[in-house]
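Following: one structure in C-alpha cells, then a few remarks.
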Amino acid sequence: MLSFLLRRAGLMIVILFFVSIIVFSLVNVLPGDPALMILGQEATDESLEALREDMGLNDPLVMQYFAWVGDLLQGDFGQSFRDNTEVSSLLAEKIPITLQLTVMSFAIAVLIAIPAGVISATRKGTLWDSSATLFALSGVSLPPFWLGILLIFIFAVTLGWFPPSGYVPITESVAQSLWYMLLPAVALGVRLSAELTRMLRSSLLEVLGSDYIRTGYAKGLLERAVVYGHALRNSILPVITVSALQFAAFLGGTVITEEIFNIPGLGQLLVTSIQTRDFPVLQGAVMFMALAVILINFLTDVLYSILDPRIKLTGGSQ
Amino acid sequence: MKNTSEEYQLQVRGLEVGFNNKKNFTQILNGVSFNVQKGETLCIVGESGCGKSLTSLSIMGLLPESGGIRSGEIRFEGQDLTNQSMKEMSKIRGNEISMIFQEPMTSLNPVHTVGKQIAEAVRIHRNVTKKEAYERVVEMFELVGIPSPRERVHNYPHEMSGGMRQRVMIAMALACNPKLLIADEPTTALDVTIQAQILDLLNELKADLDMSIVMITHDLGVVSEMGDQVLVMYAGEVIEYTDSRSLFDNPKHPYTQGLIESIPKLQGKTEELPVIKGSVPNPDEMPSGCRFSTRCAFAKQECFVQSPEEVGTEDHPVRCWMYSGEWQKMTPFEGGESNDNSSSEAVDRQPIRD
C-alpha cells in the first residue's frame, strides 16, 4: 500500500510537470495579445509596449515558464491580467460551484441508473427492460444543452416551478442553492444516467450468468438478495470506471450547461479567460483540472481494491 | 422395489425437461425416473450432453429461464417439488437439499470472504446471530478438513486452492444439515489426488450426517467409489439403472459396456483403448428409433426405427432391444453407410453376456 502511494505520488509529479509544459505552450500559441485586450484598440504602441514589459510578456518564453512554475511551486497561481485578483482566490470561488453541480448531477444519475440498470437486467426482455433501454438510448442521444433549454422552457418558463437560471451559494441558503441548481443538474445527470444504465445492464447481465450467482440461489437466497448482495458489487466496476472519467470531465467541462443556466462556475471562468487572453487564470484552471483527473483516477484505483479484493494495490507494474 | 413414496428421500417420475426457444420446445430429458433411498448414494453417469446436469438442476428448481419442466414429478419426502413457488423452493434449497458444483473456482463469489458466504447460507435458514453463524462455519470447516479454520473463514476465494474451495463449497452445502446432497461432477475440475480426498470426504460425511447423495459424474471410477445405485443416462433417457455392483459385473446396455471397456486397465497389455465412436446426438437431430442406435455396434434395422421399451428385471431395467423377446426375430443391419458414426472398428467389441 505504501509503495503504491509513493509510486502514485511520484507519477503525479511527473504528469503535472508535463501538463504544465503543455498548458503553458498551448496558452502562449493562442493568437491575441493580452495587453491589447486590456487597453483596447485605441491604445498607443508605447503604452502597449510598456504594459507588455510590465506583465513580463517580453521575456523569453522559457523564462516566463520557469517564473510561472516557480510561483506555482510556492502555491502562487499569479494574478489575473484583467483585474489583478489572485487566481487562487478566483479558483477557490468557482470550484465549489462546479463541484456542487457535478455532485448533484452524479447523485441524480446514480439514483436513476442503479434501479434502471438492475430492473432492465433482471427483467430482461420485458416491457421494463425495453423502457429502460429506450430511456438510455434517448438519454445518450439528447445533448445536455438541448435538454437544458427544454427543461428551462417547460419547468421554468411555462410551469414556473424553478428559476430559469442563476446561482445561490450554498453557504447562503442550502435549500435555495439546491433549488437553483436542480435543473442544470438534471440536464447533465440524465445523460450520465443513461450511459451508466447501459453499462450496468450489460455488466450485470454478464455477472448474473456466472456460477456464483447460481450458488447464491442454490443456498436458498431469493432473487433480491442475490442481485443486491452478490451481483451488483461484481458488476459495478465498469460503471465506476465510466463514472470516474465522467466526473473528471464534468469538473472541467460543464461549460455549456453553466452558460445556459448562467452558473458562474469553472466552465464560465475558463471561457472568459480564453476570450480575454487571461493567461494566468487559464493556466491555473487547466492545472486544477489536470490535478482533479489525476486525483480521481487515484481514488478510483483505491475504490477498485476495496470493492474487489482480487485487485491489489502494488508498487510494481502488474 | 416395494417401498412407498414416503420411504424414498427422492423420487423422480417421468421427468420431461426442455428449453423454449423461439416458440418451439426442444425436449432434452425424456421420461427420466429414479428413486433415492434414505442414506443411499445414487450416481448418474453419462457423457456430456446426456442431461445429467439438467436433471440435477430440475431437482433444485434452478433451471435456466428458458428451461422448463413439461411433465413428470419430483417428490422429495413425498412432496412434489415441481409445483412449489420460488419462495417455497428457496426454503428447501440449501436447507434440505443442497448442491455442490463442478467448478469450485467460479462457484464462489470473489468479492466476499468464504466465511461470509457460508454464514449467509446458515442465516437464511436458521435463526441465529452473525456470531453463531460464524461459529457454525468454523465447525463446518473443521468437519470438511480445512486447516486452521478460524483464520481461513476470513480468506477470499482467490486466496484458496481448488481443492480447498471445493471443501468450502461442501461446507456451505452441508452447513444446514441437508437430507439430500446433489453433487454435480464435484471432482472433475480437481487434481487426481485431491479428487480422491474429496470423494473420501463425501463418503465420510454421508455416513456421519446421514444424508442421501445424488452424484453426477462421467467418471466410472467415481461410481465404483461412491455409488450404491447407478443410473446410466444417454441423450436424455435412462438406459440402465441398477446397483453399482451389478453394473460393473454385468453391464447390459451396449453403451454401458462401452463406457466400462473404455476405462484403462492395470493388468495386461492394451494396444489401444476401445472407444465409443461418435458423440451424443443433438436434441434437434435425435434418431427416431433407439437414441444410441447411430453409435451402437449391435444395432439391427428395427433399432433405427423404433425406440426400445425398458426391459430386464425390476432391479436392473435396461432400455435396449437386445434384452427383449423380439431381438432374435429382428433383421440384422447391413451396410455401414447410413450407420454414420460407428465404423467397422467398433464391431470388434463383443457383447458381454453372462
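Identifiers in the C-alpha cells: chain A, B, ... in order shown; residue index from 1 per chain; ligand index from 1 in order shown.
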| query | What residues in chain B have any atom no more than 9 Å from chain A when counting only C-alpha atoms, and can you write them as a VMD selection string? | reply | chain B and resid 60 to 62 86 to 87 89 to 95 97 to 101 103 106 to 112 117 to 118 120 to 122 124 to 125 156 158 to 159 169 172 to 173
| task | Would you return as a PyMOL selection string the members of range 44-74 of chain B that DSSP assigns to strand (DSSP E) on this structure's backbone? | result | chain B and resi 44-45+67-74
How would the residues just chosen look if you wrote them out with C-alpha atoms as a PDB file, in the first residue's frame?
```pdb
ATOM      1  CA  ILE B  44     -25.909 -40.563 -12.548  1.00  0.00           C
ATOM      2  CA  VAL B  45     -23.423 -41.449 -15.290  1.00  0.00           C
ATOM      3  CA  GLY B  67     -35.831 -24.148 -19.436  1.00  0.00           C
ATOM      4  CA  GLY B  68     -38.920 -25.758 -18.086  1.00  0.00           C
ATOM      5  CA  ILE B  69     -40.349 -28.987 -16.732  1.00  0.00           C
ATOM      6  CA  ARG B  70     -43.039 -30.151 -19.126  1.00  0.00           C
ATOM      7  CA  SER B  71     -44.259 -33.119 -17.208  1.00  0.00           C
ATOM      8  CA  GLY B  72     -43.308 -35.569 -14.527  1.00  0.00           C
ATOM      9  CA  GLU B  73     -42.870 -35.188 -10.842  1.00  0.00           C
ATOM     10  CA  ILE B  74     -40.008 -34.789  -8.418  1.00  0.00           C
TER      11      ILE B  74
END
```
| request: Work out how far CA of Asp76 in chain A is from CA of Leu295 in chain A, in Å to one decimal. | output: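 The value is 20.4 Å.
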| request: Find the residues near range 130-137 of chain A: any atom within 8 Å, counting only C-alpha atoms, skip ones fewer than 6 places away on the same chain, and give them as a PyMOL selection string. | output: chain A and resi 116-117+120+193-195+197-198
Keeping only N, CA, C and O atoms, write the selected residues as a short mmCIF file (atom, residue, chain, number, x, y, z; two decimals), in the first residue's frame.
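Writing done, so here's out-v1.cif:
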```cif
data_model
loop_
_atom_site.label_atom_id
_atom_site.label_comp_id
_atom_site.auth_asym_id
_atom_site.auth_seq_id
_atom_site.Cartn_x
_atom_site.Cartn_y
_atom_site.Cartn_z
N ALA A 116 -32.60 1.47 -12.62
CA ALA A 116 -32.94 1.21 -14.03
C ALA A 116 -32.09 0.07 -14.59
O ALA A 116 -32.60 -0.82 -15.25
N GLY A 117 -30.81 0.10 -14.28
CA GLY A 117 -29.92 -0.96 -14.77
C GLY A 117 -30.29 -2.31 -14.18
O GLY A 117 -30.33 -3.32 -14.89
N SER A 120 -33.63 -3.54 -15.66
CA SER A 120 -33.60 -3.99 -17.05
C SER A 120 -32.76 -5.25 -17.21
O SER A 120 -33.02 -6.05 -18.10
N SER A 193 -26.83 9.31 -16.51
CA SER A 193 -27.56 8.15 -16.01
C SER A 193 -27.86 7.19 -17.15
O SER A 193 -27.84 5.97 -16.97
N ALA A 194 -28.14 7.75 -18.32
CA ALA A 194 -28.42 6.89 -19.47
C ALA A 194 -27.19 6.03 -19.79
O ALA A 194 -27.29 4.82 -20.00
N GLU A 195 -26.05 6.67 -19.76
CA GLU A 195 -24.82 5.95 -20.07
C GLU A 195 -24.55 4.86 -19.01
O GLU A 195 -24.22 3.72 -19.34
N THR A 197 -26.73 3.46 -17.04
CA THR A 197 -27.74 2.40 -17.12
C THR A 197 -27.32 1.33 -18.11
O THR A 197 -27.39 0.13 -17.84
N ARG A 198 -26.87 1.79 -19.26
CA ARG A 198 -26.44 0.82 -20.28
C ARG A 198 -25.27 -0.02 -19.81
O ARG A 198 -25.22 -1.23 -19.99
#
```
| One-decimal distance in Å that lies between CA of Val190 in chain A and CA of Val140 in chain A |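 Here the two named atoms are 8.3 Å from each other.
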With a distance cut-off of 9 Å and only C-alpha atoms, select the neighbouring residues of Leu91 in chain A, excluding the residue or stretch itself and same-chain residues fewer than 5 positions from it, and output the selection as a JSON list (two decimals) with N, CA, C and O atoms, in the first residue's frame.
```json
[["chain", "number", "residue", "atom", "x", "y", "z"],
["A", 86, "GLU", "N", -6.20, 37.53, -7.26],
["A", 86, "GLU", "CA", -5.39, 36.33, -7.18],
["A", 86, "GLU", "C", -6.12, 35.18, -7.91],
["A", 86, "GLU", "O", -7.31, 34.95, -7.68],
["A", 96, "PRO", "N", -16.03, 25.36, -5.96],
["A", 96, "PRO", "CA", -17.16, 24.77, -5.22],
["A", 96, "PRO", "C", -18.46, 24.80, -6.02],
["A", 96, "PRO", "O", -19.28, 23.88, -5.89],
["A", 266, "LEU", "N", -16.63, 27.02, -12.92],
["A", 266, "LEU", "CA", -15.31, 26.90, -13.51],
["A", 266, "LEU", "C", -15.37, 26.99, -15.04],
["A", 266, "LEU", "O", -14.48, 27.55, -15.68],
["A", 269, "LEU", "N", -15.57, 30.55, -16.07],
["A", 269, "LEU", "CA", -14.28, 31.18, -15.83],
["A", 269, "LEU", "C", -13.30, 30.85, -16.95],
["A", 269, "LEU", "O", -12.57, 31.71, -17.46],
["A", 281, "VAL", "N", -5.09, 32.97, -15.33],
["A", 281, "VAL", "CA", -6.32, 32.31, -14.91],
["A", 281, "VAL", "C", -6.52, 31.02, -15.70],
["A", 281, "VAL", "O", -6.82, 29.96, -15.14],
["A", 284, "GLY", "N", -4.06, 28.39, -14.58],
["A", 284, "GLY", "CA", -4.42, 27.91, -13.24],
["A", 284, "GLY", "C", -5.59, 26.94, -13.31],
["A", 284, "GLY", "O", -5.58, 25.87, -12.70],
["A", 285, "ALA", "N", -6.62, 27.34, -14.10],
["A", 285, "ALA", "CA", -7.81, 26.49, -14.18],
["A", 285, "ALA", "C", -7.48, 25.14, -14.80],
["A", 285, "ALA", "O", -7.92, 24.08, -14.32],
["A", 288, "PHE", "N", -5.65, 22.93, -12.45],
["A", 288, "PHE", "CA", -6.55, 22.34, -11.46],
["A", 288, "PHE", "C", -7.26, 21.12, -12.04],
["A", 288, "PHE", "O", -7.40, 20.08, -11.40]]
```
| Between CA of Val144 in chain B and CA of Val168 in chain B, distance in Å (one decimal) |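 Between CA of Val144 in chain B and CA of Val168 in chain B the gap works out to 7.8 Å.
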